[in-house]
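Student: My file is structure15.cif. It has mmCIF, C-alpha atoms:
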```cif
data_start
#
loop_
_atom_site.label_atom_id
_atom_site.label_comp_id
_atom_site.auth_asym_id
_atom_site.auth_seq_id
_atom_site.Cartn_x
_atom_site.Cartn_y
_atom_site.Cartn_z
CA MET N 297 -10.25 19.99 9.06
CA ALA N 298 -12.62 20.57 6.14
CA GLY N 299 -10.16 23.05 4.67
CA LEU N 300 -7.36 20.51 4.93
CA TRP N 301 -9.48 17.93 3.11
CA ARG N 302 -10.39 20.44 0.38
CA GLY N 303 -6.70 21.22 -0.05
CA TYR N 304 -5.87 17.53 -0.30
CA MET N 305 -8.63 17.00 -2.86
CA ARG N 306 -7.33 19.91 -4.92
CA LEU N 307 -3.83 18.43 -4.88
CA ALA N 308 -5.18 14.98 -5.75
CA GLN N 309 -7.06 16.48 -8.69
CA PHE N 310 -4.21 18.55 -10.15
CA TYR N 311 -1.23 16.39 -9.12
CA PRO N 312 -2.67 12.89 -8.71
CA PHE N 313 0.56 10.88 -8.99
CA ARG N 314 2.65 13.09 -6.71
CA THR N 315 -0.15 13.48 -4.18
CA GLN N 316 -0.88 9.76 -3.94
CA VAL N 317 2.77 8.73 -3.83
CA GLY N 318 3.60 11.40 -1.24
CA THR N 319 0.60 10.39 0.86
CA THR N 320 1.76 6.78 0.74
CA GLY N 321 5.18 7.77 2.05
CA VAL N 322 3.66 9.81 4.89
CA LEU N 323 1.23 7.04 5.84
CA PHE N 324 4.02 4.45 5.84
CA LEU N 325 5.90 6.72 8.23
CA ILE N 326 2.81 7.01 10.46
CA GLY N 327 2.16 3.26 10.23
CA ASP N 328 5.66 2.41 11.36
CA ALA N 329 5.42 4.90 14.23
CA ILE N 330 2.13 3.31 15.31
CA ALA N 331 3.72 -0.15 15.11
CA GLN N 332 6.75 0.84 17.15
CA VAL N 333 4.97 2.85 19.83
CA GLY N 334 1.51 1.30 19.96
CA VAL N 335 2.29 -2.34 19.24
CA GLN N 336 5.92 -2.82 20.29
CA GLY N 337 5.74 -0.37 23.20
CA ARG N 338 8.87 1.52 22.21
CA THR N 339 9.70 4.82 23.82
CA ARG N 340 11.85 7.75 22.77
CA ASP N 341 14.85 5.89 24.20
CA ASN N 342 14.56 2.78 22.02
CA TYR N 343 12.57 4.08 19.04
CA ASP N 344 14.13 3.06 15.70
CA TYR N 345 14.08 6.29 13.69
CA VAL N 346 16.07 4.73 10.87
CA ARG N 347 13.41 2.04 10.46
CA THR N 348 10.68 4.69 10.27
CA ALA N 349 12.65 6.62 7.66
CA ARG N 350 13.24 3.40 5.73
CA MET N 351 9.52 2.54 5.75
CA ALA N 352 8.61 6.07 4.64
CA ALA N 353 11.10 5.75 1.78
CA ILE N 354 9.64 2.37 0.78
CA GLY N 355 6.18 3.92 0.69
CA LEU N 356 7.41 6.86 -1.34
CA VAL N 357 9.74 5.08 -3.75
CA TRP N 358 8.20 1.62 -4.14
CA VAL N 359 4.67 1.13 -2.80
CA GLY N 360 3.16 4.46 -3.86
CA PRO N 361 4.36 4.37 -7.48
CA VAL N 362 3.63 0.65 -7.93
CA MET N 363 0.14 0.84 -6.47
CA ARG N 364 -0.78 4.09 -8.26
CA THR N 365 0.38 2.65 -11.59
CA TRP N 366 -1.56 -0.56 -10.93
CA LEU N 367 -4.79 1.28 -10.09
CA VAL N 368 -4.57 3.42 -13.25
CA THR N 369 -3.76 0.35 -15.35
CA LEU N 370 -6.69 -1.53 -13.84
CA ASP N 371 -9.05 1.31 -14.76
CA ARG N 372 -7.76 1.15 -18.33
CA LEU N 373 -8.15 -2.63 -18.49
CA VAL N 374 -11.69 -2.67 -17.13
CA VAL N 375 -13.40 0.30 -18.76
CA SER N 376 -16.97 -0.50 -17.76
CA THR N 377 -18.60 0.73 -14.55
CA GLY N 378 -20.97 -0.65 -11.95
CA PRO N 379 -20.95 -3.78 -9.83
CA SER N 380 -19.63 -6.11 -12.53
CA ALA N 381 -16.67 -3.81 -13.20
CA ALA N 382 -15.89 -3.63 -9.48
CA ILE N 383 -15.97 -7.43 -9.26
CA LYS N 384 -13.67 -7.77 -12.30
CA LYS N 385 -11.21 -5.25 -10.87
CA MET N 386 -11.24 -6.94 -7.48
CA CYS N 387 -10.62 -10.35 -9.06
CA LEU N 388 -7.74 -9.02 -11.16
CA ASP N 389 -6.34 -7.19 -8.16
CA GLN N 390 -6.44 -10.22 -5.91
CA THR N 391 -5.17 -12.74 -8.48
CA LEU N 392 -2.46 -10.60 -10.10
CA MET N 393 -1.45 -7.71 -7.87
CA ALA N 394 -1.79 -9.22 -4.40
CA PRO N 395 0.58 -12.14 -5.08
CA PHE N 396 3.02 -9.90 -6.96
CA PHE N 397 2.96 -7.13 -4.38
CA LEU N 398 3.35 -9.39 -1.37
CA GLY N 399 6.03 -11.40 -3.16
CA THR N 400 8.06 -8.25 -3.78
CA PHE N 401 7.35 -6.38 -0.54
CA TYR N 402 9.42 -8.67 1.69
CA PRO N 403 12.46 -8.48 -0.63
CA VAL N 404 12.18 -4.68 -0.89
CA VAL N 405 12.07 -4.35 2.90
CA GLY N 406 14.90 -6.87 3.30
CA LEU N 407 17.09 -5.09 0.77
CA SER N 408 16.43 -1.76 2.48
CA ARG N 409 17.72 -3.30 5.74
CA GLY N 410 20.77 -4.77 4.06
CA ASP N 411 19.63 -8.37 4.55
CA SER N 412 21.33 -11.10 2.52
CA TRP N 413 19.48 -12.77 -0.34
CA GLU N 414 19.47 -15.98 1.66
CA ASP N 415 17.78 -14.23 4.62
CA ILE N 416 15.27 -12.61 2.27
CA LYS N 417 14.44 -15.96 0.64
CA GLN N 418 13.92 -17.52 4.07
CA LEU N 419 11.66 -14.65 5.13
CA VAL N 420 9.54 -14.96 1.99
CA LYS N 421 9.39 -18.74 2.42
CA LYS N 422 8.31 -18.34 6.05
CA GLU N 423 5.82 -15.47 5.68
CA TYR N 424 4.41 -15.44 2.14
CA VAL N 425 1.66 -18.07 2.39
CA SER N 426 0.31 -16.91 5.75
CA THR N 427 0.41 -13.30 4.58
CA MET N 428 -1.50 -14.21 1.42
CA LEU N 429 -4.11 -16.12 3.43
CA ASN N 430 -4.53 -13.16 5.78
CA ASN N 431 -4.70 -10.86 2.75
CA TYR N 432 -7.69 -12.78 1.44
CA LYS N 433 -9.55 -12.34 4.74
CA ILE N 434 -9.86 -8.58 4.32
CA TRP N 435 -8.66 -7.20 0.99
CA PRO N 436 -11.22 -8.68 -1.43
CA ALA N 437 -14.05 -6.94 0.45
CA VAL N 438 -12.07 -3.72 0.85
CA GLN N 439 -11.11 -3.62 -2.79
CA LEU N 440 -14.60 -4.48 -3.99
CA ALA N 441 -15.98 -1.49 -2.08
CA ASN N 442 -13.01 0.63 -3.14
CA PHE N 443 -13.53 -0.10 -6.84
CA TYR N 444 -17.29 0.40 -6.63
CA PHE N 445 -17.64 3.48 -4.42
CA VAL N 446 -14.33 5.38 -4.50
CA PRO N 447 -13.04 7.51 -7.40
CA LEU N 448 -9.65 6.57 -8.83
CA ASN N 449 -7.79 9.53 -7.31
CA LEU N 450 -8.74 8.39 -3.78
CA ARG N 451 -8.38 4.61 -4.07
CA LEU N 452 -4.76 4.50 -2.99
CA LEU N 453 -5.64 6.62 0.05
CA VAL N 454 -8.28 4.03 1.01
CA ILE N 455 -5.76 1.22 0.57
CA ASN N 456 -3.21 3.07 2.70
CA MET N 457 -5.72 3.85 5.45
CA VAL N 458 -6.89 0.23 5.68
CA ALA N 459 -3.27 -0.94 5.67
CA LEU N 460 -2.52 1.21 8.70
#
```
Produce structure tokens that represent the structure in this file.
Tutor:
Amino acid sequence: MAGLWRGYMRLAQFYPFRTQVGTTGVLFLIGDAIAQVGVQGRTRDNYDYVRTARMAAIGLVWVGPVMRTWLVTLDRLVVSTGPSAAIKKMCLDQTLMAPFFLGTFYPVVGLSRGDSWEDIKQLVKKEYVSTMLNNYKIWPAVQLANFYFVPLNLRLLVINMVAL
């Protein structure tokens, strides 16, 4: 296991964008599998493999690149270090990125399923506020610790692991 971690760290150091985006895709795949089997109780007979592939693609093509770009941009915007920098980054993250990300995530998922714009609008209308409120129960603390303790090349991994 230690060798696997060293290999991952080497990839994250030399190929940070590709490693973080690829990891996001893999963890979205794992997250959907956990949701289907562990939460929904699906079996091999009724497992939705297309949904899992779709979620992996969303992680790879949308979430990974967007979040990686945001984290790099945030480090460029707030160049100081220490607790005050972590607080600034967390505040920017939760006031700018969280509303944007959650407001675009439902449409991206809906479009990937072939939903109509009307259905997507209804889903956002129904879920957005409660999702944002739930977001604020956990993510400010997670991101504060993430920005303070975790180096940039591992922050997206932390986000993905907590999101599982």
Student: With distances taken over all atoms listed in the file, which of N:Gln418, N:Ser380, N:Thr339, N:Gln316 is nearest to Leu450 in chain N?
Tutor: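 Among N:Gln418, N:Ser380, N:Thr339, N:Gln316, it is N:Gln316 that comes nearest to Leu450 in chain N.
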Student: With a distance cut-off of 9 Å and only C-alpha atoms, select the neighbouring residues of range 366-371 of chain N, excluding the residue or stretch itself and same-chain residues fewer than 6 positions from it, and output the selection as a list in words.
Tutor: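 Once the nearby chain positions are removed, what remains is Lys385, Leu388, Asp389, Met393, Leu448, Arg451 and Leu452 of chain N.
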Student: Suppose we keep C-alpha atoms; can you now write the selection as a PDB file, in the frame of the given file?
Tutor:
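Everything below was put into part30.pdb:
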```pdb
ATOM      1  CA  LYS N 385     -11.210  -5.250 -10.870  1.00  0.00           C
ATOM      2  CA  LEU N 388      -7.740  -9.020 -11.160  1.00  0.00           C
ATOM      3  CA  ASP N 389      -6.340  -7.190  -8.160  1.00  0.00           C
ATOM      4  CA  MET N 393      -1.450  -7.710  -7.870  1.00  0.00           C
ATOM      5  CA  LEU N 448      -9.650   6.570  -8.830  1.00  0.00           C
ATOM      6  CA  ARG N 451      -8.380   4.610  -4.070  1.00  0.00           C
ATOM      7  CA  LEU N 452      -4.760   4.500  -2.990  1.00  0.00           C
TER       8      LEU N 452
END
```
Student: For CA of Asn442 in chain N and CA of Glu423 in chain N, determine how far apart the two atoms are, in Å to one decimal place.
Tutor: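 So the answer is 26.3 Å.
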Student: Using only C-alpha atoms, which residue out of N:Thr400, N:Asn431, N:Thr319, N:Ser408 lies closest to Val346 in chain N?
Tutor: N:Ser408
Student: Write out as a list in words each polymer residue whose atoms come within 10 Å of Val357 in chain N, counting all atoms listed in the file; drop sequence neighbours fewer than 6 positions from it.
Tutor: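 These residues fall inside the cut-off: Val317, Gly318, Thr320, Gly321 and Met351 of chain N.
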Student: Near range 308-315 of chain N, counting only C-alpha atoms, which residues have an atom at most 8 Å away, once you skip same-chain residues fewer than 5 positions from it, shown as a PyMOL selection string?
Tutor: chain N and resi 361+364+449-450
Student: With distances taken over all atoms listed in the file, which residue among N:Val425, N:Phe401, N:Val458, N:Val420 lies nearest Gly327 in chain N?
Tutor: N:Val458
Student: From the options N:Tyr345, N:Phe324, N:Phe397, N:Trp358, which residue's atoms come nearest to Met428 in chain N, counting all atoms listed in the file?
Tutor: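 Checking each of N:Tyr345, N:Phe324, N:Phe397, N:Trp358 against Met428 in chain N, counting all atoms listed in the file, the winner is N:Phe397.
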Student: CA of Leu356 in chain N and CA of Leu325 in chain N are how many Å apart?
Tutor: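 Pair CA of Leu356 in chain N / CA of Leu325 in chain N returns 9.7 Å.
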Student: Give, as JSON, the centre coordinates and the x, y and z edge lengths in Å to one decimal for an axis-aligned box around all listed atoms of range 297-313 of chain N, padded by 5 Å on each side.
Tutor:
```
{"center_x": -6.0, "center_y": 17.0, "center_z": -0.5, "size_x": 23.2, "size_y": 22.2, "size_z": 29.2}
```
